[in-house]
Amino acid sequence: MDGRAPRDLREVLSISPLLHLIPKQDSGALNSSRLTVTSQRLSTTTTTTTTKAQYTIDNHTELMNELASEFTSFVATDPHIISFSDRPTKANENASVVPLPLPLQSTENTIYNSSQFLNTTVPNPIKQYMLNRPVHHSRLSIRKSYEVDDVSKTKVHNETYLRKFYKELGYSGIMRNSNEPDRVIAKRPYIDMDEGAGAGAGAGAESETITFKRKQEPDTVAAAVSVAQVIPINDELTKLMEDDDIDITVNWRLMRIYDLIQQSNEPISIDNLSKIQKYSYSQILTEDISDKLTTIMSIVDGTNSTNSTNSDIPQFNITTSIISQYFYASKIIMTILNGKNSDKSLFLEEYLSACIGFVNDICTNLIIPLALRRDSSIEVCSLIKPFLSSLLINIIDLLSSLCNHIMVYDISEHIITKVEYLCILMLFTDIDRKEKVPLISIQSFDLLKLEVINLITKIFQKYTDQREFLLVEILDNIIVKSTSKSGSKFTLSNGSNITITSLILLKMIHSDQSKVTTDYSQVEAEFAISIGISNLIGSYMISKLGPNSEGKFRMAIQQLIEDVLNVIELPEWSMSTLLLSGIAVTLMNTIQKVEISDTFMLDILGLMIHKISQLKSSSRTVPLIRLDPHSSTNDITIFENQCGTILNYVNHKDIFDKHTLVSFLSKKLINYLIPLYKSDDTKEKESLKRAIDNLIGFPKLMSEVVDAAKTNANHNHEYTNIIVTYDMTLMYDNMLTILVRALEGSRIKAKSRAIRILSTVIETDASVLIIPKVQTAISNRLTDGSASVRDAVIDLITKYMNQKSKYIEEFYIPLCECMNDESVQVRRRVIKLARDMYSIITIKSAKVYIANKLLRRLNDEEESLQELSKSILMEIWFPKYEETFSSSSPILSDKSIENRVEVMTEVVNSSSKNLKYFENFMQVIYGNSNQQAIIKSRLLILVKVLMNDICEGTKKNPQSVLKLLVTLISIDNSLLDQDQLISLQHFIVEEGPQADINRMHTLMIIRKTMGSIKVFRPIFLNNIQTYLLKQLTKFSVRDLHEAMPIIWHLCEVKGDSIKLANASISCMKHIKSIIDSSRQSGSVSISDSGSGSKAPPFNGKLLKLLHLLGHFGRYCQFEKFRSQFMKSSLGLRDRESISSLMMKFLLYFSKSDRDDLTRATAITNITNICCSHPKLYLSEPVLQVLDHEFNVGNPSIVNHIIQGFMEFTKGDDEGDGSTDTYTCLNDINNTNNINNIQLNLNDGVCSGLIQRYLTKILEFCLKDEGKLSHSAIQFLQFVMGQGLANVRSCTPTVIALVASQNPSIKSNAKDMLKDVYEKHESLVQSSVLDGVQKAITYRSQISAEFYNEGDFISTLYCQLTKSVSSKKKFIATICRCLQITTELEEISKLEYQRNKILYMSRNIADIEFSIFEEPVSIINCIDEILIRQGNDLRSLTESVEVISFKMIILSQTLLSLLQLREFLWNRYGITTELLQPNNSSILKQNLKIHSTIKFNLPLPTSTISTDEDPMEQSFIVSSFLQSIANFI
C-alpha cells in the first residue's frame, strides 16, 4: 500500500493468502488440502474460564482446496529471498509458551472470526464428505491481470475478492451483517448431524460421536448476537427464488435452499415449497445428464492416455459442478417429499421419478463403469477419486431419503420396479478389491451397498406383491452373476465375515416381523411367513444346483452356507436357523431322490453337519431342556429364564434395526412353546401361558431380568442349547442318514467324500461312532470294492482310536478282516494299526483275534508285510524290556506277562489252524541265529509263568496251558529243566474228566524234553518208566503214540531195553495164539496172503494188541534183540527184519474177509509201521491191501489210510521213538517243513504213493461235508502247498470244494484256490468249467435241494476276477455252464440238467456285477438259448397231443432261465439300448444295483415221479409257452 508495492510477506498476504510463497520445507503441512490448525494456534483469549475456539478446515474444505489448488500451481520466483523470524510468544497459565496472535488483515480476520463460533471435533472421513459442499475455483479466481503497483487496481481486486468470499461464507450458513463489514456471524445454529445415532452407536463409541453445534461462548457469542440480523426462513427463501443476481450461481442457490429447508425450525409455506420443487425439478431437466457423464468418462479416458493435457481439468470441474447442482435439486425434492407437509400438490409422481432417474443414470453410466475399470493411472485417481467419494455419499443420502419415503407413502408399481432393478444392479456390481489404484473407495462403495440392501429390505417388507419377484431376481443374479469369495464382506461382532448376498437374504427373512401381539395365531402366522421365505430360498437355490452348474454359482452357494453357519449361533441373527433349515431340507430331499453323482452336494451337506456337530458339543456345557407335554413347571421356568437372558442380551447389544431383530427372536422362541400350549396332552398349560405372555411382554420382562453385563457370559451357550435342541436335532439325524446312504452307494467318489465328512463330524462328536447305523456303514466300507474307500475308512477309525479306546471294540473285527485285502497299502496300514489296537484294547478275546490275524500275515505274498507282521508280534509278545530281567526277577508276577501268556494260550487253543500259524511264527523267529539267544531268554520267562500257573493250580483249565507249553517245548526242548518236568508228573497218574487230555499233553512234554536231559534223576527215571510200562496196555491209541517213544528212550538210558523187546514178543505171541485159533477154524495160514472165508469179529483184546504191535514196530528198534525173537518161535526167517515180521501179523487181519473194525485197526498200524520203515509201502502185499481199500473198501478205512499217508508225507512232526533215529527226528522238529519232506522222501516212496492214489483221494475229497473227507482235504492242501501234486488235476476239485456249506472246508478251499490262482492264473481260469460241473455233481449227491445254495459262483467271482480280462473269461465260462440241450431222453439226465440250471441261476443272481457288460453278456447268452431251445420245445409241444415228463422238466429248465433274465434286467436297470452292438463305451460304465429286488425260483422244482400222471403238472408247460411267447 499507500501507493507502493507490498514490502513484506504480511502485506502480500493481506491482498490474498498466497500459500505458494511459503517455503515448502518449513511448512509442508500448509500445502495440504486437509489443513487443520490446532486450537492453541487460534486462541484469541487468555482467560481460563473461556473455552478456546477451535478452528477446523472442515467448514471451508472445498474453499481451501480451491485456494490451495490455485496457489500451489503458481511457480514462485526467487523464494530464497523470503526470510522469516520467530513469532513472539508470552506465558500462559496452561502452557509454558503460547504463541501471540498475528496481526491479520481483513481477509484473514474474516476467516478467523467466523471460526470462533464453531466447536467441532475432527469428523471421520465419511461424515466429513457429508458436510463438504462443492466449491468451484471459477467463483474465487484471483488470476485476473492487474498491476500490483497500482493502488487503485489492487483495491478494486481486493473488494471483488471479499464480496465473492462473503457469498461463499453464506453457503456455509454464515451471513454477513451489513453494518459490520469486518464481522460475520452464523445465521442460525447447526443441528446435531448424528441425531438418532445413539440407537446404533455402542457405549464404547461415545467418544467418536460427531456433533456440529454452535458453541455459546460467554463473550464472543454475546457480542455477535448484539450485531446479528436474523432473516426469517420464508423471507430468505422467497428472496433466493426471486433474486436474479448474476453473481449468485444456480449451484449456490440450490445449496443454500437445501440448507435452509433441512435446518428449518419453522414451517415453510406451501407456496415456497411448491416453487422450490418446480425450480429444483427444472434444474434436473435443464440438461441431459448422460451428456455430462459421457464428458466425465471421456475426460477420464483422455487423462489416462499419454496425450492428456491440463486443458481437460477446467471442463471436468464445470461438469462436476453441474452434477452437484443436480444432486442438490434431487435432495431438495426428496426433503420436501419426506417433510411433514401433506399437501397433495407437493406429491407429484414426476418429481420422484426424476430423482430416481437421475440416480439411475449416475449409477449405470458413471459409478458402475468406473467401478469395473482397472489399471487406472495415478493421475486419473487423483483427479476423480475425491469427486467420486463425494458422489457416493450424495447417492447414499438420496437412497436413504427414498427409503424413508417408501416406508411412509404408497408408490406406484412402475417406480418401485425401477428402484428394484437399480438396487439389484448395484447390489451385484463389485469393484476390484485387489486393484492397486482404485478409482472408487472400497469403504464408500460398501456403504452404498448397505444402503441398497436397506432399501430393498424396506420394499420387500411393505410391498408383499413384490416379494416373489425380488427373491427370484436376487437369486437368479446370484446364479448368473455370482461374485468370488473376495467380494463385499462385512465383519460381525464375533469376528466372522458375511457377504452382501447373504446379508440381504437374511434380512428378507425377518423383514416382515411387526411387534409381537397377544394373538398366538397371528404370531404363528407371521413366523410361518418367514419359514416360507426360507424354504423358497433353499428350494430355488438347490433346484439350480446340478452337475452342470457353473463353478461361480457353486462358490456362491457355498459362501451363502458358510455365512449362515458363521452367524447361526448369534441370537441377533436368529433368522439364520430358518435359512439353514430351508436349504438343508431341500438338499436332503434332492440327495435322497437320486443317486449321488455330484459330490458338491455332499460337500455343502458336510459344512452344515460339521457346524451342527460343533454346536451340539458346545451345548453340552448347559443342561439340555427340551420341553414336552410332560415337562414340569420348573423346566418351563428354566426355559423362560434362558429366553429372557437371550432377549436381554440382544436388547442391550449395539446393532442396527435392533427392535426388528428382537421382535423376530421373540416370535421364534414363542413358536417353540405355542404347539405345546395347544396340545391336549400338556399338563402345565398355565405355566406355558405365563412364559409365552412374558416373552410377548418383553419390555416388561427386561426390568426383572439381571443386568445385561451379567448375561453376556452365558447367552451363547443358552441360545446354542435352544437351537440345537429345537431346530437341529432332527436335522442332524437326517444328515447322518444321508451320509450313511452315501456310504452304501455305488459311486466311489461319493463314498470317499462321505467318509471324509463323517471324519470331520467325529472329530467334534466322537459318539457318532457308536450309532448302530454308522457302525454298520463303516464296517461295510472296510470291505468295499475300492481301495481308496477302504483306506479312507481305516484312516477315519485310526484317527479317533487312540482318543476313544471303546471304539476299537466295535471295529476291530472288520478292521482285522482288511488284513486279507487285495491292496498291499491297505494291508500294510491295517497291520500297523493292529499294533495299536492290541495295546489299547483290554478285552482278551479281541487281543486273541488280532493276534490270530497277524499270525496269518506271516504267509503274506508280500515279503515286507511278512516282516512287518513278525516284528509287531515280537513287539507285543516279547517286548524288549524283558531282556534285562534275570530268571529270579519279580517280573514273573508282572500282570503284563500274565496277560500275554493268557493271549498266547487262547491263540494256541482256538483252532488247529491257529496252532499251526503260531508254531510257524515261533520257528521263524527262533530260527534266526541273531535273535535266538534273546528269544530264548524271553521264552524262559514265559515257561516259568506257565509252570507257576500249573503248579499253583490257578488255572481252571490246565490242559490249555499244557498245550501252549507243548508248543513252546517243540521249538526248543531245553526250555524245561528236570525239576519242572517232575512237577508235571502228577498229570500222568491223575483221574478225572480232563485226565486223558492232561495225560496226553504231559506225555508230549516229556517226550519232547527228555532229549535235552543228559542225566535223569534215578527216582524220576524209575517212577516214570515203571508207571508207563504198567499202563502200556491201558493207554489209548493217542496216549500210546506219545508213551511208546518215552518208554523206549528211558529203557535205552537205563540199558534195559530188553524189557520192551520181551513185551513185544509177548504181544506177538498173544496175537499168534489168536491167529492159530483162526487157522484151526478157517484153515488160513499166517503166511498166506490170500483171502479165505469171512471170519467172525475179534474182541477188543486183539485190537489193543494190534495197536501195541504197530507202535512197537514204529518207535522201537529191536534188531539188536534178534536172537530173542528167533527163540520165541514167532516165524522170523533169516535175513527177515523184525518190522517185516510184525507187518505179516498185521496183514493177516487186513484181509477183506475180516470185519471192518479189525481190518481198519490192522491197516492203521500197517501205515504206522511204514512211517518209520518207508520201503514197506512198496511191498506187494501192502500195495494190494491199499488198492483194494481205495477201490471197493470202506470209506472209514480209506480215511485211516489217508491219515497214514499224511503222517508219512509230513515226516512225523512229533518224532520217532527209536533209539537210532530219535535225535535226528528231534532235530527235524526245529527246521521247516521242506527239510522234513526232504528227509522222509526215501527212494521216491512219497511221490510214488501220491502219483498212485491222488485221483482216488481227489474223489474222496468230494465224498461228504467233512466227516470222511476231512483227511483227504487236508492231504490235498498239504501236497498242493508243497508242490507234490499235479496242479491241473487238483484245481477242479479245489473249485468244487468252494461250493461246500461246511465253513471249515470252504475256508480251506478258498485258501488253496487263492494260492493256486496267484501262481497259475490261466490254469485256474481254464479249470473253472470242470470245477463248476464237479461242484454241481458234488452238491447234488449231498443235498436234494442243493439249488437253493447261492454263494458258490459269487465266491468264485470275487476270487477269480482281479482284472478286466479275467472278468471276461469268467463270464464266458458261466455262459457255457448255462448251455442246455433238448435232445436228452432219460429222466435222470433231464433232471440233472434242470437242477444244474436252477443251481446256476440261483448263484448268478447272488453276484454283484460291477459294470453293465457282465449282466448284458449273460442276458445275451440266455436270449440265444431261449430263442434256440425255447423254439424247439414250443415246436415239440405243438406237435404232440400228450404232455410228457420230458416237456415238463425242460419247461422248468427254461422258465428258470427266463426268471434269471428278468431278475438281471430289473436289478441292474438293463435297457434295450444296452443290448445293441457297438455300445462298448456304455457297457464299461459302472452300474447301479437295486438291492431290493430278490430272485425267486420259478414254479415247483421237486423231482418228477414217473408214477404220476404228467397231465397233473401240465400247467408248468402252459406257463412256459405263455412266457416264451411274451419273450419272443
# chains A, B, ... in the order shown; residues from 1 in each chain; ligands from 1
>>> residues_around(residues="Ser631 of chain A", least_positions_apart="5", cutoff="10 Å", atoms="only C-alpha atoms", output="short mmCIF file (atom, residue, chain, number, x, y, z; two decimals) with N, CA and C atoms, in the first residue's frame")
data_model
loop_
_atom_site.label_atom_id
_atom_site.label_comp_id
_atom_site.auth_asym_id
_atom_site.auth_seq_id
_atom_site.Cartn_x
_atom_site.Cartn_y
_atom_site.Cartn_z
N ILE A 625 -32.74 -78.76 27.89
CA ILE A 625 -34.13 -78.83 28.37
C ILE A 625 -35.03 -78.72 27.15
N ARG A 626 -35.52 -79.82 26.70
CA ARG A 626 -36.49 -79.82 25.61
C ARG A 626 -37.87 -80.06 26.21
N ILE A 636 -40.20 -75.42 32.61
CA ILE A 636 -40.71 -74.29 31.83
C ILE A 636 -40.09 -72.99 32.31
N LEU A 676 -46.91 -76.70 22.12
CA LEU A 676 -47.11 -77.40 23.38
C LEU A 676 -48.34 -76.87 24.11
N THR A 682 -50.64 -81.62 27.17
CA THR A 682 -49.80 -80.79 28.04
C THR A 682 -50.46 -80.62 29.40
N LYS A 683 -49.67 -80.80 30.45
CA LYS A 683 -50.20 -80.71 31.81
C LYS A 683 -50.08 -79.29 32.37
N GLU A 684 -48.95 -78.66 32.18
CA GLU A 684 -48.69 -77.35 32.78
C GLU A 684 -49.01 -76.23 31.79
N LEU A 688 -47.05 -72.58 30.83
CA LEU A 688 -46.68 -72.26 29.46
C LEU A 688 -47.26 -70.92 29.03
#
>>> residues_around(residues="Asp836 of chain A", least_positions_apart="4", cutoff="10 Å", atoms="only C-alpha atoms", output="ChimeraX atom specification")
/A:798,801-802,808,830-832,840-841,872,876
>>> write_last_selection(atoms="N, CA and C atoms", output="PDB file, in the first residue's frame")
ATOM      1  N   THR A 798      -8.625 -94.907  12.535  1.00  0.00           N
ATOM      2  CA  THR A 798      -7.320 -94.706  13.165  1.00  0.00           C
ATOM      3  C   THR A 798      -7.234 -93.366  13.869  1.00  0.00           C
ATOM      4  N   MET A 801      -9.073 -93.690  17.259  1.00  0.00           N
ATOM      5  CA  MET A 801      -8.914 -94.900  18.042  1.00  0.00           C
ATOM      6  C   MET A 801      -8.163 -94.615  19.337  1.00  0.00           C
ATOM      7  N   ASN A 802      -7.102 -93.840  19.258  1.00  0.00           N
ATOM      8  CA  ASN A 802      -6.308 -93.569  20.451  1.00  0.00           C
ATOM      9  C   ASN A 802      -7.054 -92.714  21.452  1.00  0.00           C
ATOM     10  N   ILE A 808     -12.617 -99.221  19.524  1.00  0.00           N
ATOM     11  CA  ILE A 808     -11.902-100.365  18.950  1.00  0.00           C
ATOM     12  C   ILE A 808     -12.730-101.634  19.096  1.00  0.00           C
ATOM     13  N   VAL A 830      -3.416-101.629   7.966  1.00  0.00           N
ATOM     14  CA  VAL A 830      -4.153-102.364   8.996  1.00  0.00           C
ATOM     15  C   VAL A 830      -3.195-103.132   9.896  1.00  0.00           C
ATOM     16  N   ILE A 831      -2.146-103.683   9.321  1.00  0.00           N
ATOM     17  CA  ILE A 831      -1.173-104.405  10.139  1.00  0.00           C
ATOM     18  C   ILE A 831      -0.520-103.455  11.140  1.00  0.00           C
ATOM     19  N   LYS A 832      -0.177-102.247  10.682  1.00  0.00           N
ATOM     20  CA  LYS A 832       0.378-101.257  11.615  1.00  0.00           C
ATOM     21  C   LYS A 832      -0.663-100.855  12.653  1.00  0.00           C
ATOM     22  N   ILE A 840      -4.098-101.087  23.051  1.00  0.00           N
ATOM     23  CA  ILE A 840      -5.130-100.259  23.676  1.00  0.00           C
ATOM     24  C   ILE A 840      -6.270-101.092  24.215  1.00  0.00           C
ATOM     25  N   ILE A 841      -6.711-102.058  23.446  1.00  0.00           N
ATOM     26  CA  ILE A 841      -7.899-102.822  23.828  1.00  0.00           C
ATOM     27  C   ILE A 841      -7.601-103.706  25.034  1.00  0.00           C
ATOM     28  N   ILE A 872       5.781-106.924  14.606  1.00  0.00           N
ATOM     29  CA  ILE A 872       4.708-106.499  15.516  1.00  0.00           C
ATOM     30  C   ILE A 872       4.409-107.587  16.530  1.00  0.00           C
ATOM     31  N   ILE A 876       4.629-107.204  20.619  1.00  0.00           N
ATOM     32  CA  ILE A 876       3.506-107.334  21.561  1.00  0.00           C
ATOM     33  C   ILE A 876       3.656-108.548  22.468  1.00  0.00           C
TER      34      ILE A 876
END
>>> atom_distance(atom1="atom CA of His510 of chain A", atom2="atom CA of Asn721 of chain A")
21.7 Å
>>> residues_around(residues="Ile1005 of chain A", least_positions_apart="4", cutoff="12 Å", atoms="only C-alpha atoms", output="PyMOL selection string")
chain A and resi 959+961-978+980-985+987-988+998-1001+1009-1012+1042-1043+1046+1214
>>> write_last_selection(atoms="N, CA and C atoms", output="CSV table (one decimal), in the first residue's frame")
chain,number,residue,atom,x,y,z
A,959,GLN,N,-5.3,-127.9,30.8
A,959,GLN,CA,-5.0,-128.5,29.5
A,959,GLN,C,-4.6,-127.5,28.5
A,961,VAL,N,-3.1,-124.6,29.1
A,961,VAL,CA,-1.7,-124.1,29.4
A,961,VAL,C,-0.7,-125.2,29.0
A,962,LEU,N,-1.1,-126.5,29.2
A,962,LEU,CA,-0.2,-127.6,28.8
A,962,LEU,C,0.0,-127.6,27.3
A,963,LYS,N,-1.0,-127.2,26.6
A,963,LYS,CA,-0.9,-127.3,25.1
A,963,LYS,C,0.0,-126.2,24.7
A,964,LEU,N,0.0,-125.0,25.3
A,964,LEU,CA,0.9,-123.9,24.9
A,964,LEU,C,2.3,-124.4,25.3
A,965,LEU,N,2.5,-125.0,26.5
A,965,LEU,CA,3.8,-125.5,26.9
A,965,LEU,C,4.3,-126.5,25.9
A,966,VAL,N,3.5,-127.3,25.4
A,966,VAL,CA,3.9,-128.3,24.4
A,966,VAL,C,4.4,-127.6,23.2
A,967,THR,N,3.7,-126.6,22.8
A,967,THR,CA,4.1,-125.8,21.6
A,967,THR,C,5.5,-125.1,21.8
A,968,LEU,N,5.7,-124.5,22.9
A,968,LEU,CA,7.0,-123.9,23.2
A,968,LEU,C,8.1,-124.9,23.3
A,969,ILE,N,7.8,-126.0,23.9
A,969,ILE,CA,8.9,-127.0,24.0
A,969,ILE,C,9.2,-127.6,22.7
A,970,SER,N,8.3,-127.6,21.7
A,970,SER,CA,8.6,-128.1,20.4
A,970,SER,C,9.6,-127.3,19.7
A,971,ILE,N,9.6,-126.0,20.1
A,971,ILE,CA,10.6,-125.1,19.5
A,971,ILE,C,12.0,-125.3,20.0
A,972,ASP,N,12.1,-125.5,21.4
A,972,ASP,CA,13.4,-125.7,22.0
A,972,ASP,C,13.1,-126.6,23.2
A,973,ASN,N,13.6,-127.8,23.1
A,973,ASN,CA,13.3,-128.8,24.2
A,973,ASN,C,14.1,-128.5,25.5
A,974,SER,N,15.0,-127.5,25.4
A,974,SER,CA,15.8,-127.2,26.6
A,974,SER,C,15.2,-126.1,27.5
A,975,LEU,N,14.0,-125.7,27.1
A,975,LEU,CA,13.3,-124.6,27.9
A,975,LEU,C,12.8,-125.1,29.2
A,976,LEU,N,12.7,-126.4,29.4
A,976,LEU,CA,12.1,-127.0,30.6
A,976,LEU,C,13.2,-127.9,31.2
A,977,ASP,N,13.5,-127.6,32.5
A,977,ASP,CA,14.5,-128.4,33.2
A,977,ASP,C,13.9,-129.6,33.9
A,978,GLN,N,14.7,-130.5,34.5
A,978,GLN,CA,14.2,-131.7,35.1
A,978,GLN,C,13.3,-131.5,36.3
A,980,GLN,N,11.2,-128.9,36.7
A,980,GLN,CA,9.9,-128.6,36.2
A,980,GLN,C,9.2,-129.8,35.6
A,981,LEU,N,10.0,-130.6,35.0
A,981,LEU,CA,9.4,-131.9,34.4
A,981,LEU,C,8.8,-132.8,35.5
A,982,ILE,N,9.5,-132.8,36.6
A,982,ILE,CA,9.0,-133.7,37.7
A,982,ILE,C,7.7,-133.1,38.2
A,983,SER,N,7.6,-131.7,38.2
A,983,SER,CA,6.3,-131.1,38.7
A,983,SER,C,5.1,-131.5,37.9
A,984,LEU,N,5.3,-132.0,36.7
A,984,LEU,CA,4.2,-132.3,35.8
A,984,LEU,C,3.8,-133.8,36.0
A,985,GLN,N,4.6,-134.5,36.8
A,985,GLN,CA,4.4,-136.0,36.9
A,985,GLN,C,3.0,-136.4,37.3
A,987,PHE,N,0.2,-135.3,36.5
A,987,PHE,CA,-0.9,-135.3,35.4
A,987,PHE,C,-0.9,-136.7,34.8
A,988,ILE,N,0.2,-137.5,34.9
A,988,ILE,CA,0.2,-138.8,34.2
A,988,ILE,C,-0.7,-139.8,34.9
A,998,ASN,N,-5.0,-134.1,29.8
A,998,ASN,CA,-3.8,-133.6,30.5
A,998,ASN,C,-2.7,-134.7,30.4
A,999,ARG,N,-3.0,-136.0,30.5
A,999,ARG,CA,-2.0,-137.0,30.4
A,999,ARG,C,-1.3,-137.0,29.0
A,1000,MET,N,-2.1,-136.8,28.0
A,1000,MET,CA,-1.6,-136.8,26.7
A,1000,MET,C,-0.6,-135.6,26.5
A,1001,HIS,N,-1.0,-134.4,27.0
A,1001,HIS,CA,-0.1,-133.2,26.8
A,1001,HIS,C,1.1,-133.4,27.7
A,1009,THR,N,11.0,-133.2,25.8
A,1009,THR,CA,12.0,-132.6,26.6
A,1009,THR,C,13.1,-133.6,27.0
A,1010,MET,N,12.8,-134.9,27.0
A,1010,MET,CA,13.8,-135.8,27.6
A,1010,MET,C,15.1,-135.9,26.7
A,1011,GLY,N,15.0,-135.4,25.4
A,1011,GLY,CA,16.2,-135.5,24.6
A,1011,GLY,C,17.2,-134.5,25.1
A,1012,SER,N,16.8,-133.4,25.8
A,1012,SER,CA,17.7,-132.4,26.3
A,1012,SER,C,18.3,-132.7,27.7
A,1042,GLU,N,2.4,-141.3,22.2
A,1042,GLU,CA,3.3,-140.5,23.0
A,1042,GLU,C,4.1,-141.3,24.0
A,1043,ALA,N,3.5,-142.3,24.6
A,1043,ALA,CA,4.2,-143.1,25.6
A,1043,ALA,C,5.2,-144.0,25.1
A,1046,ILE,N,8.7,-142.5,24.7
A,1046,ILE,CA,9.2,-142.2,26.0
A,1046,ILE,C,9.8,-143.5,26.7
A,1214,GLU,N,6.2,-135.1,15.4
A,1214,GLU,CA,6.5,-135.3,16.8
A,1214,GLU,C,7.7,-136.2,17.0
